[in-house]
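Asks: Take this structure first; my questions come after.
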Amino acid sequence: MSKKKVLVIDDEDFIRELVKDFLELDEVQCIGAETSDEALEQISEETFDLILLDWHLGEMKAEDLIIRIKEIQEDVPILILTGDQHCDVEYLKEVGAEGIIFKPFQVNDFMESVKKFLDLEIIV
């Protein structure tokens with residue numbers, strides 16, 4: 001089985017590194033992107049099994065970035081990362097996200113959410 005590959009798009013270094021550390025424990029390749037432009041460049045060059053996207057990225061609305069991502073890789077699942085506890089899950093699904101992970105998150109809860117999209121055995 002080939003190694004799963006995840007793109008984490010978040011403007012916080014800490015979150016990108018934390019997610020990378022979690023995923024690499026389960027031998028998932030994790031690539032980080034700090035900006036929407038950097039993310040779109042990565043998505044144009046590589047195929048991902050899952051994208052983790054910060055809802056409040058900054059320079060581009062997440063809704064617009066989801067549309068651009070789906071134009072490049074139509075079938076890639078996208079999970080939203082957000083600290084906004086009032087985020088409308090139904091709206092996120094309408095704009096193309098498959099789910100949501102609320103920050104701060106516990107490693108087990110995070111990995112359980114990710115596992116659903118990567119068909120992994122959880123080690124953590």
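Here's how to read the names in the structure tokens: chain A, B, ... by the order shown, residue numbers from 1 in each chain, ligand numbers from 1 in the order shown.
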Using only C-alpha atoms, which protein or nucleic acid residues come within 12 Å of range 38-45 of chain A? Drop anything in the same chain fewer than 4 positions from it, and give the result as JSON, numbers by chain.

Replies: {"A": [5, 6, 7, 8, 9, 10, 11, 30, 31, 32, 33, 34, 49, 50, 51, 52, 53, 54, 57, 59, 60, 62, 64, 65, 66, 67, 68, 69, 70, 71, 72, 73, 74, 76]}

Asks: Take the residues that were just selected and, keeping C-alpha atoms, output them as a CSV table (one decimal), in the first residue's frame.

Replies:
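This went into selection_20.csv:
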```csv
chain,number,residue,atom,x,y,z
A,5,LYS,CA,-0.4,12.0,1.7
A,6,VAL,CA,-2.1,15.0,3.5
A,7,LEU,CA,-1.8,18.7,2.8
A,8,VAL,CA,-2.4,20.9,5.9
A,9,ILE,CA,-3.1,24.5,5.0
A,10,ASP,CA,-2.8,26.8,8.1
A,11,ASP,CA,-1.1,30.1,8.7
A,30,CYS,CA,2.3,15.5,5.6
A,31,ILE,CA,3.0,18.6,3.6
A,32,GLY,CA,2.3,22.1,5.0
A,33,ALA,CA,1.2,25.2,3.3
A,34,GLU,CA,1.1,28.6,5.0
A,49,ASP,CA,-5.5,11.9,-0.1
A,50,LEU,CA,-6.8,14.5,2.3
A,51,ILE,CA,-6.6,18.3,2.8
A,52,LEU,CA,-6.9,19.9,6.2
A,53,LEU,CA,-7.8,23.6,5.7
A,54,ASP,CA,-7.8,26.4,8.3
A,57,LEU,CA,-6.6,31.5,6.6
A,59,GLU,CA,-5.8,36.3,2.4
A,60,MET,CA,-8.4,34.2,0.7
A,62,ALA,CA,-11.9,29.4,2.7
A,64,ASP,CA,-13.1,30.4,-2.5
A,65,LEU,CA,-10.1,28.2,-1.8
A,66,ILE,CA,-12.3,25.1,-1.6
A,67,ILE,CA,-13.7,25.9,-5.0
A,68,ARG,CA,-10.2,26.4,-6.4
A,69,ILE,CA,-9.0,23.1,-4.8
A,70,LYS,CA,-12.0,21.2,-6.2
A,71,GLU,CA,-11.2,22.6,-9.7
A,72,ILE,CA,-7.8,21.0,-9.5
A,73,GLN,CA,-8.5,17.8,-7.5
A,74,GLU,CA,-12.2,17.3,-7.6
A,76,VAL,CA,-10.0,15.2,-2.6
```

Asks: Glu24 in chain A: which residues within 12 Å, counting only C-alpha atoms, same-chain residues fewer than 4 positions away excluded, as a list in words?

Replies: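 Once the adjacent positions are removed, what remains is Lys3, Lys4, Lys5, Val6, Glu17, Leu18, Val19, Lys20, Val28, Gln29, Cys30, Ile31, Met111, Ile122, Ile123 and Val124 of chain A.
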
Asks: Enumerate the residues of chain A with a DSSP assignment of helix (DSSP H, G or I), computed from the backbone, and present them as a PDB file with C-alpha atoms, in the first residue's frame.

Replies:
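File written: out_18.pdb
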```
ATOM      1  CA  ASP A  13       3.365  27.242  12.172  1.00  0.00           C
ATOM      2  CA  PHE A  14       2.478  25.531  15.440  1.00  0.00           C
ATOM      3  CA  ILE A  15      -0.674  23.916  14.007  1.00  0.00           C
ATOM      4  CA  ARG A  16       1.080  22.754  10.829  1.00  0.00           C
ATOM      5  CA  GLU A  17       3.890  21.175  12.849  1.00  0.00           C
ATOM      6  CA  LEU A  18       1.519  19.619  15.384  1.00  0.00           C
ATOM      7  CA  VAL A  19      -0.606  18.044  12.653  1.00  0.00           C
ATOM      8  CA  LYS A  20       2.520  16.843  10.850  1.00  0.00           C
ATOM      9  CA  ASP A  21       3.803  15.215  14.054  1.00  0.00           C
ATOM     10  CA  PHE A  22       0.471  13.451  14.661  1.00  0.00           C
ATOM     11  CA  LEU A  23       0.200  12.149  11.107  1.00  0.00           C
ATOM     12  CA  GLU A  24       3.788  11.025  10.791  1.00  0.00           C
ATOM     13  CA  LEU A  25       3.309   8.762  13.831  1.00  0.00           C
ATOM     14  CA  SER A  36      -3.593  29.794  -0.204  1.00  0.00           C
ATOM     15  CA  ASP A  37      -1.153  30.463  -3.058  1.00  0.00           C
ATOM     16  CA  GLU A  38       1.336  28.000  -1.616  1.00  0.00           C
ATOM     17  CA  ALA A  39      -1.464  25.446  -1.166  1.00  0.00           C
ATOM     18  CA  LEU A  40      -2.725  25.816  -4.735  1.00  0.00           C
ATOM     19  CA  GLU A  41       0.804  25.378  -6.045  1.00  0.00           C
ATOM     20  CA  GLN A  42       1.213  22.155  -4.034  1.00  0.00           C
ATOM     21  CA  ILE A  43      -2.187  20.845  -5.184  1.00  0.00           C
ATOM     22  CA  SER A  44      -1.280  21.560  -8.815  1.00  0.00           C
ATOM     23  CA  GLU A  45       1.945  19.567  -8.472  1.00  0.00           C
ATOM     24  CA  ALA A  62     -11.871  29.399   2.717  1.00  0.00           C
ATOM     25  CA  GLU A  63     -14.982  29.012   0.556  1.00  0.00           C
ATOM     26  CA  ASP A  64     -13.116  30.412  -2.453  1.00  0.00           C
ATOM     27  CA  LEU A  65     -10.087  28.242  -1.765  1.00  0.00           C
ATOM     28  CA  ILE A  66     -12.271  25.129  -1.560  1.00  0.00           C
ATOM     29  CA  ILE A  67     -13.712  25.939  -4.998  1.00  0.00           C
ATOM     30  CA  ARG A  68     -10.216  26.376  -6.447  1.00  0.00           C
ATOM     31  CA  ILE A  69      -9.005  23.150  -4.826  1.00  0.00           C
ATOM     32  CA  LYS A  70     -11.953  21.161  -6.218  1.00  0.00           C
ATOM     33  CA  GLU A  71     -11.238  22.562  -9.705  1.00  0.00           C
ATOM     34  CA  ILE A  72      -7.758  21.010  -9.489  1.00  0.00           C
ATOM     35  CA  VAL A  89     -21.139  22.632   9.727  1.00  0.00           C
ATOM     36  CA  GLU A  90     -23.989  22.462   7.212  1.00  0.00           C
ATOM     37  CA  TYR A  91     -22.682  25.552   5.423  1.00  0.00           C
ATOM     38  CA  LEU A  92     -19.198  24.030   5.276  1.00  0.00           C
ATOM     39  CA  LYS A  93     -20.615  20.932   3.620  1.00  0.00           C
ATOM     40  CA  GLU A  94     -22.541  23.108   1.136  1.00  0.00           C
ATOM     41  CA  VAL A 107      -4.663  13.774  19.322  1.00  0.00           C
ATOM     42  CA  ASN A 108      -7.040  10.806  19.561  1.00  0.00           C
ATOM     43  CA  ASP A 109     -10.067  12.811  18.401  1.00  0.00           C
ATOM     44  CA  PHE A 110      -8.038  14.379  15.604  1.00  0.00           C
ATOM     45  CA  MET A 111      -6.709  11.031  14.383  1.00  0.00           C
ATOM     46  CA  GLU A 112     -10.145   9.434  14.575  1.00  0.00           C
ATOM     47  CA  SER A 113     -11.530  12.156  12.277  1.00  0.00           C
ATOM     48  CA  VAL A 114      -8.632  11.861   9.840  1.00  0.00           C
ATOM     49  CA  LYS A 115      -8.722   8.046   9.867  1.00  0.00           C
ATOM     50  CA  LYS A 116     -12.198   8.062   8.351  1.00  0.00           C
ATOM     51  CA  PHE A 117     -10.794   9.635   5.193  1.00  0.00           C
ATOM     52  CA  LEU A 118      -7.489   7.752   4.998  1.00  0.00           C
TER      53      LEU A 118
END
```

Asks: Hey, can you check how far CA of Pro77 in chain A sits from CA of Phe48 in chain A?

Replies: 8.9 Å

Asks: Given the choices A:Thr82, A:Gln106, A:Ala97, A:Glu46, which gets closest to Glu12 in chain A if the distance is worked out from only C-alpha atoms?

Replies: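 Ranked by minimum distance to Glu12 in chain A, first place goes to A:Thr82.
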
Asks: Using DSSP assignments from the backbone, pull out every residue in range 2-56 of chain A that falls under strand (DSSP E) and give it to me as number ranges by chain.

Replies: A: 5-9, 29-33, 50-54

Asks: What would the file look like if the residues just selected were written as a short mmCIF file (atom, residue, chain, number, x, y, z; two decimals), in the first residue's frame with N, CA and C atoms?

Replies:
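result_6.cif written:
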```
data_model
loop_
_atom_site.label_atom_id
_atom_site.label_comp_id
_atom_site.auth_asym_id
_atom_site.auth_seq_id
_atom_site.Cartn_x
_atom_site.Cartn_y
_atom_site.Cartn_z
N LYS A 5 -1.00 10.70 1.69
CA LYS A 5 -0.42 12.05 1.67
C LYS A 5 -1.49 13.08 2.01
N VAL A 6 -1.16 13.94 2.98
CA VAL A 6 -2.09 14.96 3.46
C VAL A 6 -1.44 16.33 3.31
N LEU A 7 -2.24 17.30 2.88
CA LEU A 7 -1.81 18.70 2.83
C LEU A 7 -2.53 19.43 3.96
N VAL A 8 -1.76 20.08 4.82
CA VAL A 8 -2.35 20.89 5.89
C VAL A 8 -2.09 22.35 5.56
N ILE A 9 -3.18 23.10 5.42
CA ILE A 9 -3.11 24.51 5.05
C ILE A 9 -3.53 25.33 6.27
N GLN A 29 2.42 10.83 5.06
CA GLN A 29 3.24 11.95 4.60
C GLN A 29 2.41 13.22 4.73
N CYS A 30 2.99 14.23 5.35
CA CYS A 30 2.27 15.48 5.58
C CYS A 30 3.07 16.64 5.03
N ILE A 31 2.42 17.42 4.19
CA ILE A 31 3.04 18.61 3.60
C ILE A 31 2.26 19.82 4.10
N GLY A 32 2.96 20.85 4.48
CA GLY A 32 2.32 22.05 4.99
C GLY A 32 2.34 23.19 3.99
N ALA A 33 1.31 24.01 4.07
CA ALA A 33 1.23 25.24 3.27
C ALA A 33 0.74 26.34 4.19
N LEU A 50 -6.03 13.74 1.34
CA LEU A 50 -6.85 14.55 2.25
C LEU A 50 -6.23 15.93 2.37
N ILE A 51 -7.08 16.93 2.50
CA ILE A 51 -6.62 18.29 2.76
C ILE A 51 -7.27 18.78 4.05
N LEU A 52 -6.42 19.31 4.93
CA LEU A 52 -6.88 19.92 6.18
C LEU A 52 -6.71 21.43 6.01
N LEU A 53 -7.80 22.16 6.08
CA LEU A 53 -7.80 23.58 5.75
C LEU A 53 -8.28 24.44 6.91
N ASP A 54 -7.45 25.40 7.30
CA ASP A 54 -7.84 26.38 8.32
C ASP A 54 -8.96 27.25 7.76
#
```

Asks: What does the distance between CA of Pro104 in chain A and CA of Ile78 in chain A come to in Å, to one decimal place?

Replies: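 Answer for the CA of Pro104 in chain A to CA of Ile78 in chain A separation: 18.3 Å.
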
Asks: Could you check the closest approach to Leu81 in chain A for each of A:Thr47, A:Gly99, A:Phe105, A:Trp55 and tell me which residue wins, using only C-alpha atoms?

Replies: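 Ranking A:Thr47, A:Gly99, A:Phe105, A:Trp55 by distance to Leu81 in chain A, first place goes to A:Trp55.
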
Asks: Which residue out of A:Asp75, A:Asp119, A:Gly83, A:Val95 has the minimum interatomic distance to Lys61 in chain A when only C-alpha atoms are used?

Replies: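 Answer, going by the shortest atom-to-atom distance: A:Val95.
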